[in-house]
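Pasted below: target-v1.json, JSON, C-alpha atoms.
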[["chain", "number", "residue", "atom", "x", "y", "z"],
["A", 1, "MET", "CA", -8.91, 81.69, 59.63],
["A", 2, "GLY", "CA", -6.25, 79.18, 58.71],
["A", 3, "ARG", "CA", -6.56, 76.45, 56.12],
["A", 4, "GLY", "CA", -8.72, 74.22, 58.31],
["A", 5, "GLY", "CA", -10.47, 76.70, 60.59],
["A", 6, "PRO", "CA", -9.76, 79.33, 63.18],
["A", 7, "LYS", "CA", -6.32, 79.97, 64.61],
["A", 8, "GLU", "CA", -5.47, 78.23, 67.86],
["A", 9, "SER", "CA", -5.36, 81.56, 69.71],
["A", 10, "THR", "CA", -8.91, 82.38, 68.54],
["A", 11, "THR", "CA", -10.13, 79.00, 69.79],
["A", 12, "VAL", "CA", -8.37, 79.49, 73.15],
["A", 13, "ARG", "CA", -10.18, 82.83, 73.63],
["A", 14, "ALA", "CA", -13.54, 81.30, 72.65],
["A", 15, "ILE", "CA", -13.10, 78.40, 75.08],
["A", 16, "LEU", "CA", -12.05, 80.75, 77.91],
["A", 17, "SER", "CA", -15.13, 82.91, 77.27],
["A", 18, "TYR", "CA", -17.38, 79.85, 77.27],
["A", 19, "LEU", "CA", -15.87, 78.53, 80.52],
["A", 20, "ALA", "CA", -16.33, 81.95, 82.17],
["A", 21, "LEU", "CA", -20.01, 81.96, 81.16],
["A", 22, "ARG", "CA", -20.35, 78.52, 82.79],
["A", 23, "GLY", "CA", -18.74, 79.79, 86.01],
["A", 24, "ILE", "CA", -15.60, 77.71, 85.56],
["A", 25, "LEU", "CA", -12.37, 79.33, 86.74],
["A", 26, "ALA", "CA", -9.83, 79.00, 83.91],
["A", 27, "PHE", "CA", -6.69, 80.74, 82.68],
["A", 28, "ARG", "CA", -4.49, 80.76, 79.60],
["A", 29, "MET", "CA", -1.20, 79.11, 80.49],
["A", 30, "ASN", "CA", 1.70, 80.42, 78.46],
["A", 31, "SER", "CA", 4.73, 78.17, 78.59],
["A", 32, "ARG", "CA", 7.72, 79.44, 76.64],
["A", 33, "VAL", "CA", 11.42, 78.77, 76.45],
["A", 34, "VAL", "CA", 13.69, 81.76, 76.09],
["A", 35, "MET", "CA", 17.43, 81.85, 75.60],
["A", 36, "LEU", "CA", 19.23, 83.91, 78.24],
["A", 37, "PRO", "CA", 22.89, 84.25, 79.15],
["A", 38, "GLY", "CA", 23.93, 81.25, 81.20],
["A", 39, "ARG", "CA", 27.18, 79.96, 82.66],
["A", 40, "GLY", "CA", 30.15, 81.67, 81.09],
["A", 41, "GLY", "CA", 27.83, 83.96, 79.12],
["A", 42, "LYS", "CA", 26.78, 81.13, 76.80],
["A", 43, "PRO", "CA", 23.08, 81.17, 75.81],
["A", 44, "ALA", "CA", 21.03, 78.72, 77.88],
["A", 45, "PRO", "CA", 17.33, 77.80, 77.64],
["A", 46, "TYR", "CA", 15.01, 78.93, 80.47],
["A", 47, "ARG", "CA", 11.40, 77.79, 80.72],
["A", 48, "MET", "CA", 8.98, 80.59, 81.53],
["A", 49, "GLY", "CA", 5.59, 79.71, 82.99],
["A", 50, "GLY", "CA", 4.96, 76.06, 83.61],
["A", 51, "VAL", "CA", 6.49, 72.78, 82.55],
["A", 52, "LYS", "CA", 7.17, 71.29, 79.14],
["A", 53, "GLY", "CA", 3.91, 70.01, 77.67],
["A", 54, "MET", "CA", 1.64, 71.96, 80.03],
["A", 55, "ALA", "CA", -1.87, 72.48, 78.65],
["A", 56, "ASP", "CA", -2.97, 75.79, 77.10],
["A", 57, "ILE", "CA", -5.86, 76.22, 79.55],
["A", 58, "ILE", "CA", -5.67, 75.42, 83.27],
["A", 59, "GLY", "CA", -8.60, 75.72, 85.64],
["A", 60, "CYS", "CA", -10.84, 74.26, 88.29],
["A", 61, "VAL", "CA", -14.29, 72.80, 87.64],
["A", 62, "PRO", "CA", -16.58, 73.43, 90.63],
["A", 63, "ARG", "CA", -18.61, 70.56, 92.02],
["A", 64, "TYR", "CA", -22.04, 72.15, 92.16],
["A", 65, "THR", "CA", -23.92, 68.93, 92.80],
["A", 66, "GLN", "CA", -22.11, 67.79, 95.94],
["A", 67, "PRO", "CA", -22.04, 69.58, 99.30],
["A", 68, "PHE", "CA", -18.60, 70.59, 100.51],
["A", 69, "ASP", "CA", -17.50, 67.84, 102.88],
["A", 70, "GLY", "CA", -14.02, 69.11, 103.68],
["A", 71, "GLY", "CA", -12.61, 67.12, 100.75],
["A", 72, "PHE", "CA", -12.08, 68.36, 97.25],
["A", 73, "ALA", "CA", -14.35, 71.24, 96.32],
["A", 74, "GLY", "CA", -13.47, 71.14, 92.64],
["A", 75, "ARG", "CA", -11.66, 69.23, 89.93],
["A", 76, "PHE", "CA", -8.44, 70.31, 88.22],
["A", 77, "LEU", "CA", -8.96, 71.10, 84.53],
["A", 78, "ALA", "CA", -6.39, 71.02, 81.71],
["A", 79, "ILE", "CA", -7.29, 71.63, 78.07],
["A", 80, "GLU", "CA", -4.75, 71.39, 75.25],
["A", 81, "VAL", "CA", -6.08, 73.50, 72.37],
["A", 82, "LYS", "CA", -5.16, 72.64, 68.80],
["A", 83, "SER", "CA", -6.09, 73.99, 65.38],
["A", 84, "ALA", "CA", -7.84, 71.71, 62.89],
["A", 85, "GLU", "CA", -4.48, 70.33, 61.67],
["A", 86, "GLY", "CA", -2.58, 70.58, 64.96],
["A", 87, "LYS", "CA", -1.19, 67.52, 66.69],
["A", 88, "PRO", "CA", -0.18, 67.33, 70.35],
["A", 89, "THR", "CA", 3.46, 66.75, 71.20],
["A", 90, "PRO", "CA", 4.43, 63.65, 73.22],
["A", 91, "GLU", "CA", 4.99, 65.96, 76.22],
["A", 92, "GLN", "CA", 1.47, 67.41, 75.86],
["A", 93, "VAL", "CA", -0.06, 63.93, 75.68],
["A", 94, "ALA", "CA", 1.93, 62.92, 78.77],
["A", 95, "PHE", "CA", 0.81, 66.03, 80.69],
["A", 96, "LEU", "CA", -2.88, 65.36, 79.94],
["A", 97, "ALA", "CA", -2.47, 61.70, 80.94],
["A", 98, "ALA", "CA", -0.79, 62.70, 84.23],
["A", 99, "VAL", "CA", -3.69, 65.03, 85.07],
["A", 100, "VAL", "CA", -6.22, 62.25, 84.38],
["A", 101, "ARG", "CA", -4.23, 59.78, 86.52],
["A", 102, "ALA", "CA", -4.29, 62.31, 89.36],
["A", 103, "GLY", "CA", -8.09, 62.59, 89.14],
["A", 104, "GLY", "CA", -8.36, 65.75, 87.05],
["A", 105, "LEU", "CA", -10.22, 66.38, 83.83],
["A", 106, "ALA", "CA", -7.85, 66.74, 80.86],
["A", 107, "PHE", "CA", -8.39, 66.57, 77.12],
["A", 108, "MET", "CA", -7.56, 68.11, 73.75],
["A", 109, "ALA", "CA", -10.04, 70.51, 72.14],
["A", 110, "ARG", "CA", -10.31, 72.05, 68.69],
["A", 111, "SER", "CA", -13.53, 73.98, 69.44],
["A", 112, "VAL", "CA", -15.98, 75.02, 72.15],
["A", 113, "LYS", "CA", -18.11, 72.03, 71.11],
["A", 114, "ASP", "CA", -15.27, 69.70, 72.09],
["A", 115, "VAL", "CA", -15.35, 71.28, 75.56],
["A", 116, "GLN", "CA", -19.12, 70.86, 75.74],
["A", 117, "ASP", "CA", -18.74, 67.21, 74.67],
["A", 118, "HIS", "CA", -16.63, 66.66, 77.82],
["A", 119, "GLY", "CA", -19.56, 67.69, 80.02],
["A", 120, "LEU", "CA", -18.61, 71.31, 80.62]]
Can you turn what I pasted into structure tokens?
Amino acid sequence: MGRGGPKESTTVRAILSYLALRGILAFRMNSRVVMLPGRGGKPAPYRMGGVKGMADIIGCVPRYTQPFDGGFAGRFLAIEVKSAEGKPTPEQVAFLAAVVRAGGLAFMARSVKDVQDHGL
């Protein structure tokens, strides 16, 4: 445990376990930048896995209560996980807002309870 609670990675695993128990398809999204040789051999940044600001957990919430009508069968899910002291970057805030604008469910969580509070 850190100063204010569990590590972010511990919370990510707990949330993924909870979502799996609820039958919600979800994955840990690792987005990293690595320096690799670029033009002329100079180090250049390369993004691995996603876009800048992408949420830690990506998934799809099934719509159990509505029959499949040929339209959307589920809702895109994005959860940015933070420790007790953690603050989202501007890019993370923008990513969550873009998902909401597109009709998905996106929010920041510090615990499984935060996920439950969003109706999951």
**Prompt:** Which polymer residues have any atom within 8 Å of an atom of range 44-46 of chain A, counting all atoms listed in the file, with same-chain residues fewer than 3 positions away left out, as a list in words?
**Reply:** Val33, Val34, Met35, Leu36, Pro37, Gly38 and Arg39 of chain A
**Message:** Would you pick out the contacts of Ser31 in chain A at 9 Å or less, using all atoms listed in the file, so that residues sharing its chain but fewer than 4 positions from it are not included, and give the list as a ChimeraX atom specification?
**Reply:** /A:47-56
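With only C-alpha atoms as the atoms that count, the minimum distance from Ala98 in chain A to the choices A:Leu16, A:Val115, A:Ala78, A:Ala84 is reached by A:Ala78.
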**Request:** For range 17-28 of chain A, list every protein, DNA or RNA residue within 8 Å, evaluated using all atoms listed in the file, and leave out those in the same chain fewer than 4 positions away; present the list as number ranges by chain.
**Result:** A: 12-13, 56-62, 77, 112, 120
**Request:** Kindly give the distance, in Å, that separates CA of Glu91 in chain A and CA of Ala73 in chain A, rounded to a single decimal.
**Result:**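 We find that CA of Glu91 in chain A and CA of Ala73 in chain A lie 28.4 Å from each other.
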Centre and edge lengths of an axis-aligned box around all listed atoms of range 31-42 of chain A, with 4 Å added on each side, are to be given in Å to one decimal, as lines of an AutoDock Vina configuration file.
center_x = 17.4
center_y = 81.2
center_z = 79.1
size_x = 33.4
size_y = 14.1
size_z = 15.1
Which neighbours of Gly86 in chain A fall inside 10 Å, counting all atoms listed in the file, when residues of the same chain fewer than 4 positions from it are skipped, and could you give them as a PDB file with C-alpha atoms, keeping the file's coordinate frame?
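This went into out.pdb:
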ATOM      1  CA  GLY A   4      -8.720  74.220  58.310  1.00  0.00           C
ATOM      2  CA  GLU A   8      -5.470  78.230  67.860  1.00  0.00           C
ATOM      3  CA  VAL A  81      -6.080  73.500  72.370  1.00  0.00           C
ATOM      4  CA  LYS A  82      -5.160  72.640  68.800  1.00  0.00           C
ATOM      5  CA  ARG A 110     -10.310  72.050  68.690  1.00  0.00           C
TER       6      ARG A 110
END
**Message:** One number please: CA of Ile79 in chain A to CA of Gly119 in chain A, in Å, one decimal.
**Reply:** 13.0 Å
**Prompt:** Restricting the calculation to all atoms listed in the file, which member of A:Val100, A:Gly74, A:Lys113, A:Phe107 is positioned closest to Pro88 in chain A?
**Reply:**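 For Pro88 in chain A, the nearest of the candidates is A:Phe107.
The coordinates place CA of Thr10 in chain A at 28.0 Å from CA of Arg63 in chain A.
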Regenerate range 77-93 of chain A at the level of N, CA, C and O atoms and dump it as a JSON list (two decimals), in the frame of the given file.
[["chain", "number", "residue", "atom", "x", "y", "z"],
["A", 77, "LEU", "N", -8.63, 71.14, 85.94],
["A", 77, "LEU", "CA", -8.96, 71.10, 84.53],
["A", 77, "LEU", "C", -7.74, 71.48, 83.70],
["A", 77, "LEU", "O", -7.06, 72.47, 84.00],
["A", 78, "ALA", "N", -7.46, 70.71, 82.66],
["A", 78, "ALA", "CA", -6.39, 71.02, 81.71],
["A", 78, "ALA", "C", -6.90, 70.76, 80.31],
["A", 78, "ALA", "O", -7.38, 69.66, 80.02],
["A", 79, "ILE", "N", -6.83, 71.78, 79.46],
["A", 79, "ILE", "CA", -7.29, 71.63, 78.07],
["A", 79, "ILE", "C", -6.16, 72.03, 77.14],
["A", 79, "ILE", "O", -5.65, 73.16, 77.20],
["A", 80, "GLU", "N", -5.75, 71.11, 76.29],
["A", 80, "GLU", "CA", -4.75, 71.39, 75.25],
["A", 80, "GLU", "C", -5.53, 71.77, 74.00],
["A", 80, "GLU", "O", -6.31, 70.98, 73.48],
["A", 81, "VAL", "N", -5.34, 73.00, 73.53],
["A", 81, "VAL", "CA", -6.08, 73.50, 72.37],
["A", 81, "VAL", "C", -5.23, 73.35, 71.12],
["A", 81, "VAL", "O", -4.05, 73.71, 71.12],
["A", 82, "LYS", "N", -5.85, 72.82, 70.08],
["A", 82, "LYS", "CA", -5.16, 72.64, 68.80],
["A", 82, "LYS", "C", -6.03, 73.16, 67.66],
["A", 82, "LYS", "O", -7.25, 73.13, 67.74],
["A", 83, "SER", "N", -5.38, 73.61, 66.60],
["A", 83, "SER", "CA", -6.09, 73.99, 65.38],
["A", 83, "SER", "C", -6.58, 72.71, 64.69],
["A", 83, "SER", "O", -6.28, 71.60, 65.14],
["A", 84, "ALA", "N", -7.29, 72.87, 63.60],
["A", 84, "ALA", "CA", -7.84, 71.71, 62.89],
["A", 84, "ALA", "C", -6.75, 70.72, 62.49],
["A", 84, "ALA", "O", -6.96, 69.50, 62.53],
["A", 85, "GLU", "N", -5.56, 71.21, 62.11],
["A", 85, "GLU", "CA", -4.48, 70.33, 61.67],
["A", 85, "GLU", "C", -3.48, 70.01, 62.78],
["A", 85, "GLU", "O", -2.61, 69.16, 62.60],
["A", 86, "GLY", "N", -3.58, 70.70, 63.91],
["A", 86, "GLY", "CA", -2.58, 70.58, 64.96],
["A", 86, "GLY", "C", -2.56, 69.21, 65.62],
["A", 86, "GLY", "O", -3.59, 68.57, 65.78],
["A", 87, "LYS", "N", -1.38, 68.79, 65.99],
["A", 87, "LYS", "CA", -1.19, 67.52, 66.69],
["A", 87, "LYS", "C", -0.46, 67.78, 68.00],
["A", 87, "LYS", "O", 0.49, 68.56, 68.03],
["A", 88, "PRO", "N", -0.88, 67.12, 69.08],
["A", 88, "PRO", "CA", -0.18, 67.33, 70.35],
["A", 88, "PRO", "C", 1.21, 66.70, 70.33],
["A", 88, "PRO", "O", 1.44, 65.69, 69.67],
["A", 89, "THR", "N", 2.12, 67.31, 71.05],
["A", 89, "THR", "CA", 3.46, 66.75, 71.20],
["A", 89, "THR", "C", 3.39, 65.59, 72.20],
["A", 89, "THR", "O", 2.45, 65.49, 72.98],
["A", 90, "PRO", "N", 4.40, 64.72, 72.21],
["A", 90, "PRO", "CA", 4.43, 63.65, 73.22],
["A", 90, "PRO", "C", 4.37, 64.21, 74.64],
["A", 90, "PRO", "O", 3.73, 63.63, 75.51],
["A", 91, "GLU", "N", 5.02, 65.35, 74.89],
["A", 91, "GLU", "CA", 4.99, 65.96, 76.22],
["A", 91, "GLU", "C", 3.59, 66.45, 76.58],
["A", 91, "GLU", "O", 3.17, 66.34, 77.74],
["A", 92, "GLN", "N", 2.85, 66.97, 75.61],
["A", 92, "GLN", "CA", 1.47, 67.41, 75.86],
["A", 92, "GLN", "C", 0.57, 66.24, 76.17],
["A", 92, "GLN", "O", -0.26, 66.29, 77.09],
["A", 93, "VAL", "N", 0.73, 65.15, 75.42],
["A", 93, "VAL", "CA", -0.06, 63.93, 75.68],
["A", 93, "VAL", "C", 0.25, 63.41, 77.09],
["A", 93, "VAL", "O", -0.65, 63.04, 77.85]]
